[in-house]
Amino acid sequence: MLAITGIGTLVTNDASLERGKLGLVKDAALVVGDDNKIAWTGESINLPREFANNAIHVGGRAIIPGFVDSHTHLVFGGDRATEFEARMSGKTYTAGGIRTTMAATRASTNDVLVANARRLASEALHTGTTTLETKSGYGLSVLDETRSLQVATSITSETTFLGAHVVPPESTIDEYVNLVCGEMLTQCAPNAKWIDVFCDHGAFDVDHAQAILSAGAHAGLGLRIHANQLQHGGGVQLGVEMGVASCDHCTHLSDADVSALADTKGKTVATLLPTAELCTRAKFPDARRLLDAGVTVALASDCNPGSSYTTSMPLVISLAVLNMNMTCDEALWSATAGGAAALRRTDIGALHVGAQADFALLNSPSHIHLAYRPGVKLVDAVVRQGKCVAGSLA
Ligand SMILES: [Zn+2]
């Protein structure tokens, strides 16, 4: 049992409280039961006496649900600092840089890949991320994709087979799609929950993406898609038709794409990854257009060594508010409950009674400061499954 009181602002994302979408409680308290789930939330003044005596007082600081980063690529070798420097000197980004990381990943031992993925997962945890999804996609051979997914399972249960990231140089696209849908899928599926495909210029077209997602569905995997990042195309429409959990990036959308997403009524989430635009000096996705159309929006980091080498969800929230005209409340919701929706999870991303006790204690009186104080370390402590795993609640 863990009881916390003196919470300046508690974000519960519990709509049943009828305190807005964030379910905000001021001067709040929270109790975690012995099952490591949320047992009670409410105003401190109403905290039952049996909990009040042992409660930790956090002095008016805010508590938010842990971030759910529903899109990362943490299994890779090497880095791409040289490419980044070149791009910042004026070159444009194409999907081809992925092959640089492919070579470094193939050359790395499993131990090196595990250590790198764990380092990044720990970095994410310390900025408040309590659940993250991660993908294969830098091995691009049966052997290297299979071991990439084994590595991924060492940091999360939300693992995604992204053999269809780009075509490796030794294959033609048709040969490679057959491999991804055949032996590679068979070897990778036991360690994957999801399948994903990069449907964009320089990667896979709509027909190939459809074949890959169909094969993944047949193998029992959930579906996600990288769509409409680099240019307009049919990725979002395909994703919606196939009932994917999330269309990720959504930077270049037609009106038909937006209404197709809205018509799913939240079944297909639009996951925006603004640090990818930040780090490639590209135009940010139009979050307002999606939100105003009624699309369910998630925010994630896209952490990868090429186009978004950051694990920081607070940075993502800052960009969403400051550069994409999301409100502070919308951005916080999308980085927590939105990410959970993109993973089709109802046990995380919110602090309703019965939810997994995953939350972050901020060094500020409210969640607004995440956008208001960009770049400042605001996470004082992180609790995952009821245990303080980073920082201190005291
Ligand atoms: Zn990605």
# chains A, B, ... in the order shown; residues from 1 in each chain; ligands from 1
call {"tool": "select_by_dssp", "arguments": {"residues": "range 245-378 of chain A", "states": "helix (DSSP H, G or I)", "output": "MDAnalysis selection string"}}
result
chainID A and resid 255:263 274:279 287:292 313:322 328:335 337:342 369:372
call {"tool": "write_last_selection", "arguments": {"atoms": "N, CA and C atoms", "output": "compact mmCIF listing (two decimals), in the first residue's frame"}}
result
# COMPACT_ATOMS: atom_id res chain seq x y z
N ASP A 255 -8.02 16.00 -47.00
CA ASP A 255 -9.27 16.07 -46.25
C ASP A 255 -9.89 14.68 -46.10
N ALA A 256 -9.75 13.86 -47.16
CA ALA A 256 -10.31 12.49 -47.10
C ALA A 256 -9.59 11.65 -46.04
N ASP A 257 -8.29 11.86 -45.90
CA ASP A 257 -7.53 11.12 -44.86
C ASP A 257 -8.06 11.50 -43.47
N VAL A 258 -8.25 12.80 -43.26
CA VAL A 258 -8.71 13.28 -41.95
C VAL A 258 -10.09 12.72 -41.65
N SER A 259 -11.01 12.77 -42.65
CA SER A 259 -12.35 12.26 -42.33
C SER A 259 -12.35 10.74 -42.18
N ALA A 260 -11.48 10.05 -42.91
CA ALA A 260 -11.41 8.58 -42.73
C ALA A 260 -10.98 8.25 -41.29
N LEU A 261 -9.99 8.98 -40.78
CA LEU A 261 -9.55 8.76 -39.39
C LEU A 261 -10.68 9.09 -38.41
N ALA A 262 -11.37 10.22 -38.66
CA ALA A 262 -12.45 10.62 -37.75
C ALA A 262 -13.57 9.59 -37.74
N ASP A 263 -13.85 9.03 -38.91
CA ASP A 263 -14.96 8.07 -39.01
C ASP A 263 -14.71 6.78 -38.23
N PRO A 274 6.19 14.77 -33.31
CA PRO A 274 6.75 16.06 -33.72
C PRO A 274 8.25 16.19 -33.54
N THR A 275 8.88 15.34 -32.72
CA THR A 275 10.34 15.45 -32.65
C THR A 275 10.98 14.98 -33.95
N ALA A 276 10.28 14.15 -34.75
CA ALA A 276 10.81 13.77 -36.07
C ALA A 276 10.83 15.00 -36.98
N GLU A 277 9.78 15.81 -36.93
CA GLU A 277 9.79 17.04 -37.72
C GLU A 277 10.82 18.03 -37.18
N LEU A 278 10.91 18.11 -35.85
CA LEU A 278 11.90 19.02 -35.24
C LEU A 278 13.31 18.68 -35.72
N CYS A 279 13.64 17.39 -35.66
CA CYS A 279 15.03 16.97 -35.93
C CYS A 279 15.35 16.88 -37.41
N ALA A 287 -2.02 19.18 -36.00
CA ALA A 287 -2.78 18.53 -34.93
C ALA A 287 -4.18 19.13 -34.78
N ARG A 288 -4.28 20.44 -34.95
CA ARG A 288 -5.58 21.12 -34.74
C ARG A 288 -6.63 20.60 -35.72
N ARG A 289 -6.19 20.40 -36.97
CA ARG A 289 -7.12 19.91 -38.00
C ARG A 289 -7.66 18.53 -37.60
N LEU A 290 -6.78 17.67 -37.08
CA LEU A 290 -7.21 16.33 -36.66
C LEU A 290 -8.14 16.41 -35.45
N LEU A 291 -7.73 17.18 -34.45
CA LEU A 291 -8.53 17.27 -33.22
C LEU A 291 -9.90 17.91 -33.51
N ASP A 292 -9.90 18.96 -34.33
CA ASP A 292 -11.16 19.64 -34.61
C ASP A 292 -12.11 18.74 -35.41
N MET A 313 9.36 12.64 -23.65
CA MET A 313 7.95 12.99 -23.87
C MET A 313 7.64 14.42 -23.41
N PRO A 314 8.30 14.94 -22.35
CA PRO A 314 8.08 16.37 -22.05
C PRO A 314 8.44 17.28 -23.23
N LEU A 315 9.50 16.95 -23.96
CA LEU A 315 9.84 17.74 -25.15
C LEU A 315 8.73 17.63 -26.20
N VAL A 316 8.22 16.41 -26.40
CA VAL A 316 7.14 16.20 -27.36
C VAL A 316 5.92 17.06 -26.98
N ILE A 317 5.61 17.10 -25.69
CA ILE A 317 4.47 17.91 -25.22
C ILE A 317 4.73 19.40 -25.49
N SER A 318 5.95 19.85 -25.22
CA SER A 318 6.28 21.26 -25.49
C SER A 318 6.03 21.60 -26.95
N LEU A 319 6.50 20.75 -27.85
CA LEU A 319 6.34 21.02 -29.28
C LEU A 319 4.87 21.01 -29.67
N ALA A 320 4.13 20.04 -29.12
CA ALA A 320 2.71 19.91 -29.47
C ALA A 320 1.95 21.19 -29.09
N VAL A 321 2.31 21.76 -27.96
CA VAL A 321 1.63 22.98 -27.50
C VAL A 321 2.18 24.22 -28.22
N LEU A 322 3.49 24.33 -28.27
CA LEU A 322 4.09 25.58 -28.75
C LEU A 322 4.11 25.67 -30.28
N CYS A 328 -2.60 22.67 -23.53
CA CYS A 328 -1.80 21.92 -22.55
C CYS A 328 -2.53 20.64 -22.15
N ASP A 329 -3.86 20.72 -22.00
CA ASP A 329 -4.63 19.55 -21.61
C ASP A 329 -4.63 18.49 -22.72
N GLU A 330 -4.83 18.94 -23.96
CA GLU A 330 -4.85 17.98 -25.07
C GLU A 330 -3.51 17.26 -25.19
N ALA A 331 -2.41 18.00 -25.07
CA ALA A 331 -1.09 17.40 -25.25
C ALA A 331 -0.81 16.37 -24.15
N LEU A 332 -1.17 16.70 -22.92
CA LEU A 332 -0.94 15.76 -21.81
C LEU A 332 -1.78 14.49 -22.02
N TRP A 333 -3.04 14.68 -22.42
CA TRP A 333 -3.92 13.53 -22.66
C TRP A 333 -3.34 12.65 -23.77
N SER A 334 -2.91 13.28 -24.86
CA SER A 334 -2.41 12.52 -26.01
C SER A 334 -1.13 11.76 -25.69
N ALA A 335 -0.33 12.28 -24.77
CA ALA A 335 0.94 11.64 -24.40
C ALA A 335 0.75 10.53 -23.36
N ALA A 337 -3.12 8.96 -22.13
CA ALA A 337 -4.28 8.15 -22.56
C ALA A 337 -4.28 7.93 -24.07
N GLY A 338 -3.81 8.91 -24.83
CA GLY A 338 -3.76 8.76 -26.29
C GLY A 338 -2.81 7.64 -26.69
N GLY A 339 -1.64 7.61 -26.05
CA GLY A 339 -0.69 6.54 -26.32
C GLY A 339 -1.26 5.18 -25.95
N ALA A 340 -1.99 5.14 -24.83
CA ALA A 340 -2.63 3.88 -24.42
C ALA A 340 -3.64 3.44 -25.48
N ALA A 341 -4.41 4.41 -26.00
CA ALA A 341 -5.40 4.07 -27.04
C ALA A 341 -4.70 3.54 -28.29
N ALA A 342 -3.54 4.11 -28.61
CA ALA A 342 -2.80 3.66 -29.79
C ALA A 342 -2.26 2.24 -29.61
N HIS A 369 3.10 23.16 -16.69
CA HIS A 369 4.52 23.51 -16.72
C HIS A 369 5.32 22.66 -17.72
N LEU A 370 4.79 21.49 -18.10
CA LEU A 370 5.52 20.66 -19.07
C LEU A 370 5.73 21.41 -20.38
N ALA A 371 4.75 22.21 -20.79
CA ALA A 371 4.90 23.02 -22.00
C ALA A 371 5.43 24.42 -21.68
N TYR A 372 5.03 24.92 -20.53
CA TYR A 372 5.36 26.29 -20.11
C TYR A 372 6.86 26.44 -19.81
call {"tool": "select_by_dssp", "arguments": {"residues": "range 128-361 of chain A", "states": "strand (DSSP E)", "output": "MDAnalysis selection string"}}
result
chainID A and resid 129:135 158:164 194:199 222:227 246:249 269:272 297:299 359:361
call {"tool": "residues_near_ligand", "arguments": {"ligand": "ligand 1", "cutoff": "12 Å", "atoms": "only C-alpha atoms and all ligand atoms", "output": "number ranges by chain"}}
result
A: 69-75, 95, 98, 133-138, 160-162, 164-166, 196-200, 224-230, 246-250, 271-277, 300-309
call {"tool": "write_last_selection", "arguments": {"atoms": "C-alpha atoms", "output": "PDB file, in the first residue's frame"}}
result
ATOM      1  CA  ASP A  69       5.298   6.340 -25.679  1.00  0.00           C
ATOM      2  CA  SER A  70       3.569   4.247 -28.336  1.00  0.00           C
ATOM      3  CA  HIS A  71       6.192   4.622 -31.078  1.00  0.00           C
ATOM      4  CA  THR A  72       9.946   4.114 -30.635  1.00  0.00           C
ATOM      5  CA  HIS A  73      12.786   2.326 -32.425  1.00  0.00           C
ATOM      6  CA  LEU A  74      15.231   1.442 -29.639  1.00  0.00           C
ATOM      7  CA  VAL A  75      16.875  -1.687 -31.084  1.00  0.00           C
ATOM      8  CA  ALA A  95      14.462   7.034 -45.780  1.00  0.00           C
ATOM      9  CA  ILE A  98      18.069   3.600 -42.303  1.00  0.00           C
ATOM     10  CA  GLU A 133       6.416   0.353 -27.579  1.00  0.00           C
ATOM     11  CA  THR A 134       9.501  -0.538 -29.589  1.00  0.00           C
ATOM     12  CA  LYS A 135      10.205  -2.069 -32.965  1.00  0.00           C
ATOM     13  CA  SER A 136      12.628  -4.162 -34.962  1.00  0.00           C
ATOM     14  CA  GLY A 137      13.481  -2.735 -38.368  1.00  0.00           C
ATOM     15  CA  TYR A 138      17.234  -2.249 -38.481  1.00  0.00           C
ATOM     16  CA  THR A 160       6.492  -4.572 -33.082  1.00  0.00           C
ATOM     17  CA  PHE A 161       7.858  -6.441 -36.105  1.00  0.00           C
ATOM     18  CA  LEU A 162       8.990  -3.775 -38.599  1.00  0.00           C
ATOM     19  CA  ALA A 164       9.196  -3.674 -43.675  1.00  0.00           C
ATOM     20  CA  HIS A 165      11.158  -0.579 -42.673  1.00  0.00           C
ATOM     21  CA  VAL A 166      13.120  -0.292 -45.942  1.00  0.00           C
ATOM     22  CA  ASP A 196       4.143  -2.311 -38.788  1.00  0.00           C
ATOM     23  CA  VAL A 197       5.159  -1.116 -42.254  1.00  0.00           C
ATOM     24  CA  PHE A 198       6.811   2.094 -43.441  1.00  0.00           C
ATOM     25  CA  CYS A 199       4.420   3.079 -46.232  1.00  0.00           C
ATOM     26  CA  ASP A 200       6.064   6.115 -47.786  1.00  0.00           C
ATOM     27  CA  ARG A 224       0.109  -0.362 -37.093  1.00  0.00           C
ATOM     28  CA  ILE A 225       1.438   1.714 -39.989  1.00  0.00           C
ATOM     29  CA  HIS A 226       3.983   4.474 -40.628  1.00  0.00           C
ATOM     30  CA  ALA A 227       1.920   6.625 -42.980  1.00  0.00           C
ATOM     31  CA  ASN A 228       2.082   9.990 -44.741  1.00  0.00           C
ATOM     32  CA  GLN A 229       5.300  11.154 -43.067  1.00  0.00           C
ATOM     33  CA  LEU A 230       7.277  12.345 -46.053  1.00  0.00           C
ATOM     34  CA  SER A 246      -2.611   3.583 -35.178  1.00  0.00           C
ATOM     35  CA  CYS A 247      -1.526   5.536 -38.253  1.00  0.00           C
ATOM     36  CA  ASP A 248       1.779   7.081 -37.273  1.00  0.00           C
ATOM     37  CA  HIS A 249       3.259  10.412 -38.428  1.00  0.00           C
ATOM     38  CA  CYS A 250       0.218  11.772 -40.393  1.00  0.00           C
ATOM     39  CA  THR A 271      -0.065   9.230 -33.648  1.00  0.00           C
ATOM     40  CA  LEU A 272       1.917  12.423 -34.156  1.00  0.00           C
ATOM     41  CA  LEU A 273       5.695  12.408 -33.723  1.00  0.00           C
ATOM     42  CA  PRO A 274       6.749  16.059 -33.715  1.00  0.00           C
ATOM     43  CA  THR A 275      10.339  15.450 -32.652  1.00  0.00           C
ATOM     44  CA  ALA A 276      10.806  13.772 -36.071  1.00  0.00           C
ATOM     45  CA  GLU A 277       9.787  17.041 -37.725  1.00  0.00           C
ATOM     46  CA  ALA A 300       4.994   9.741 -29.171  1.00  0.00           C
ATOM     47  CA  SER A 301       8.747  10.252 -29.453  1.00  0.00           C
ATOM     48  CA  ASP A 302       9.660   8.121 -32.526  1.00  0.00           C
ATOM     49  CA  CYS A 303      13.015   7.726 -30.767  1.00  0.00           C
ATOM     50  CA  ASN A 304      15.428   6.463 -33.432  1.00  0.00           C
ATOM     51  CA  PRO A 305      19.028   7.222 -34.339  1.00  0.00           C
ATOM     52  CA  GLY A 306      18.236   8.904 -37.671  1.00  0.00           C
ATOM     53  CA  SER A 307      15.369  11.352 -37.523  1.00  0.00           C
ATOM     54  CA  SER A 308      14.426  11.743 -33.827  1.00  0.00           C
ATOM     55  CA  TYR A 309      17.097  10.765 -31.337  1.00  0.00           C
TER      56      TYR A 309
END
call {"tool": "closest_residue", "arguments": {"among": "A:Gly239, A:Gly294, A:Gly222, A:Pro285", "to": "Thr251 in chain A", "atoms": "only C-alpha atoms"}}
result
A:Pro285
call {"tool": "atom_distance", "arguments": {"atom1": "CA of Lys387 in chain A", "atom2": "CA of Ala245 in chain A"}}
result
29.4 Å
call {"tool": "closest_residue", "arguments": {"among": "A:Pro365, A:Thr82, A:Leu132, A:Ala350", "to": "Ala15 in chain A", "atoms": "only C-alpha atoms"}}
result
A:Ala350
call {"tool": "closest_residue", "arguments": {"among": "A:Cys181, A:Gly234, A:Leu213, A:Arg281", "to": "Ile195 in chain A", "atoms": "only C-alpha atoms"}}
result
A:Leu213
call {"tool": "closest_residue", "arguments": {"among": "A:Ile212, A:Leu378, A:Ala117, A:Ala219", "to": "Ser366 in chain A", "atoms": "only C-alpha atoms"}}
result
A:Leu378
call {"tool": "residues_around", "arguments": {"residues": "Gly220 in chain A", "least_positions_apart": "5", "cutoff": "9 Å", "atoms": "only C-alpha atoms", "output": "list in words"}}
result
Ala189, Lys193, Trp194 and Ala215 of chain A
call {"tool": "write_last_selection", "arguments": {"atoms": "N, CA and C atoms", "output": "CSV table (one decimal), in the first residue's frame"}}
result
chain,number,residue,atom,x,y,z
A,189,ALA,N,7.3,-13.5,-35.4
A,189,ALA,CA,5.9,-13.4,-34.7
A,189,ALA,C,5.9,-13.8,-33.3
A,193,LYS,N,4.1,-8.4,-30.8
A,193,LYS,CA,2.7,-8.2,-30.5
A,193,LYS,C,2.0,-7.6,-31.7
A,194,TRP,N,2.8,-6.7,-32.4
A,194,TRP,CA,2.3,-5.9,-33.5
A,194,TRP,C,3.2,-6.1,-34.8
A,215,ALA,N,-0.5,-10.3,-44.0
A,215,ALA,CA,0.2,-11.5,-43.6
A,215,ALA,C,0.4,-11.4,-42.0
call {"tool": "decode", "arguments": {"residues": "range 115-139 of chain A", "atoms": "N, CA and C atoms", "output": "CSV table (one decimal), in the first residue's frame"}}
result
chain,number,residue,atom,x,y,z
A,115,ALA,N,22.1,-3.7,-24.3
A,115,ALA,CA,22.6,-2.6,-23.4
A,115,ALA,C,22.1,-1.3,-24.0
A,116,ASN,N,22.1,-1.1,-25.3
A,116,ASN,CA,21.7,0.2,-25.9
A,116,ASN,C,20.2,0.4,-25.7
A,117,ALA,N,19.4,-0.6,-25.9
A,117,ALA,CA,18.0,-0.5,-25.7
A,117,ALA,C,17.7,-0.2,-24.3
A,118,ARG,N,18.3,-0.9,-23.4
A,118,ARG,CA,18.1,-0.6,-21.9
A,118,ARG,C,18.5,0.8,-21.5
A,119,ARG,N,19.6,1.3,-22.1
A,119,ARG,CA,20.0,2.6,-21.7
A,119,ARG,C,19.0,3.6,-22.1
A,120,LEU,N,18.4,3.4,-23.3
A,120,LEU,CA,17.4,4.4,-23.8
A,120,LEU,C,16.1,4.2,-23.1
A,121,ALA,N,15.7,3.0,-22.7
A,121,ALA,CA,14.5,2.8,-22.0
A,121,ALA,C,14.6,3.4,-20.6
A,122,SER,N,15.8,3.3,-20.0
A,122,SER,CA,16.0,4.0,-18.7
A,122,SER,C,16.0,5.5,-18.8
A,123,GLU,N,16.5,6.0,-19.9
A,123,GLU,CA,16.5,7.5,-20.1
A,123,GLU,C,15.0,7.9,-20.2
A,124,ALA,N,14.2,7.1,-20.9
A,124,ALA,CA,12.8,7.4,-21.1
A,124,ALA,C,12.1,7.4,-19.7
A,125,LEU,N,12.4,6.3,-19.0
A,125,LEU,CA,11.7,6.2,-17.6
A,125,LEU,C,12.0,7.4,-16.8
A,126,HIS,N,13.2,7.9,-16.8
A,126,HIS,CA,13.6,9.0,-15.9
A,126,HIS,C,12.9,10.4,-16.4
A,127,THR,N,12.4,10.4,-17.6
A,127,THR,CA,11.6,11.6,-18.0
A,127,THR,C,10.1,11.3,-17.9
A,128,GLY,N,9.7,10.2,-17.3
A,128,GLY,CA,8.3,9.9,-17.0
A,128,GLY,C,7.6,8.9,-17.8
A,129,THR,N,8.3,8.2,-18.7
A,129,THR,CA,7.7,7.2,-19.6
A,129,THR,C,7.6,5.9,-18.8
A,130,THR,N,6.4,5.4,-18.6
A,130,THR,CA,6.3,4.2,-17.9
A,130,THR,C,5.9,3.0,-18.8
A,131,THR,N,5.5,3.3,-20.0
A,131,THR,CA,5.2,2.2,-21.0
A,131,THR,C,5.8,2.7,-22.3
A,132,LEU,N,6.5,1.8,-23.0
A,132,LEU,CA,6.9,2.2,-24.3
A,132,LEU,C,6.8,1.0,-25.2
A,133,GLU,N,6.4,1.3,-26.5
A,133,GLU,CA,6.4,0.4,-27.6
A,133,GLU,C,7.8,0.5,-28.3
A,134,THR,N,8.3,-0.7,-28.8
A,134,THR,CA,9.5,-0.5,-29.6
A,134,THR,C,9.5,-1.6,-30.7
A,135,LYS,N,10.3,-1.3,-31.7
A,135,LYS,CA,10.2,-2.1,-33.0
A,135,LYS,C,11.5,-2.7,-33.4
A,136,SER,N,11.5,-3.7,-34.2
A,136,SER,CA,12.6,-4.2,-35.0
A,136,SER,C,12.7,-3.2,-36.2
A,137,GLY,N,13.5,-3.6,-37.2
A,137,GLY,CA,13.5,-2.7,-38.4
A,137,GLY,C,14.8,-2.2,-38.8
A,138,TYR,N,15.9,-2.6,-38.0
A,138,TYR,CA,17.2,-2.2,-38.5
A,138,TYR,C,18.1,-3.5,-38.8
A,139,GLY,N,17.4,-4.7,-38.7
A,139,GLY,CA,18.1,-5.9,-39.0
A,139,GLY,C,18.0,-6.2,-40.5
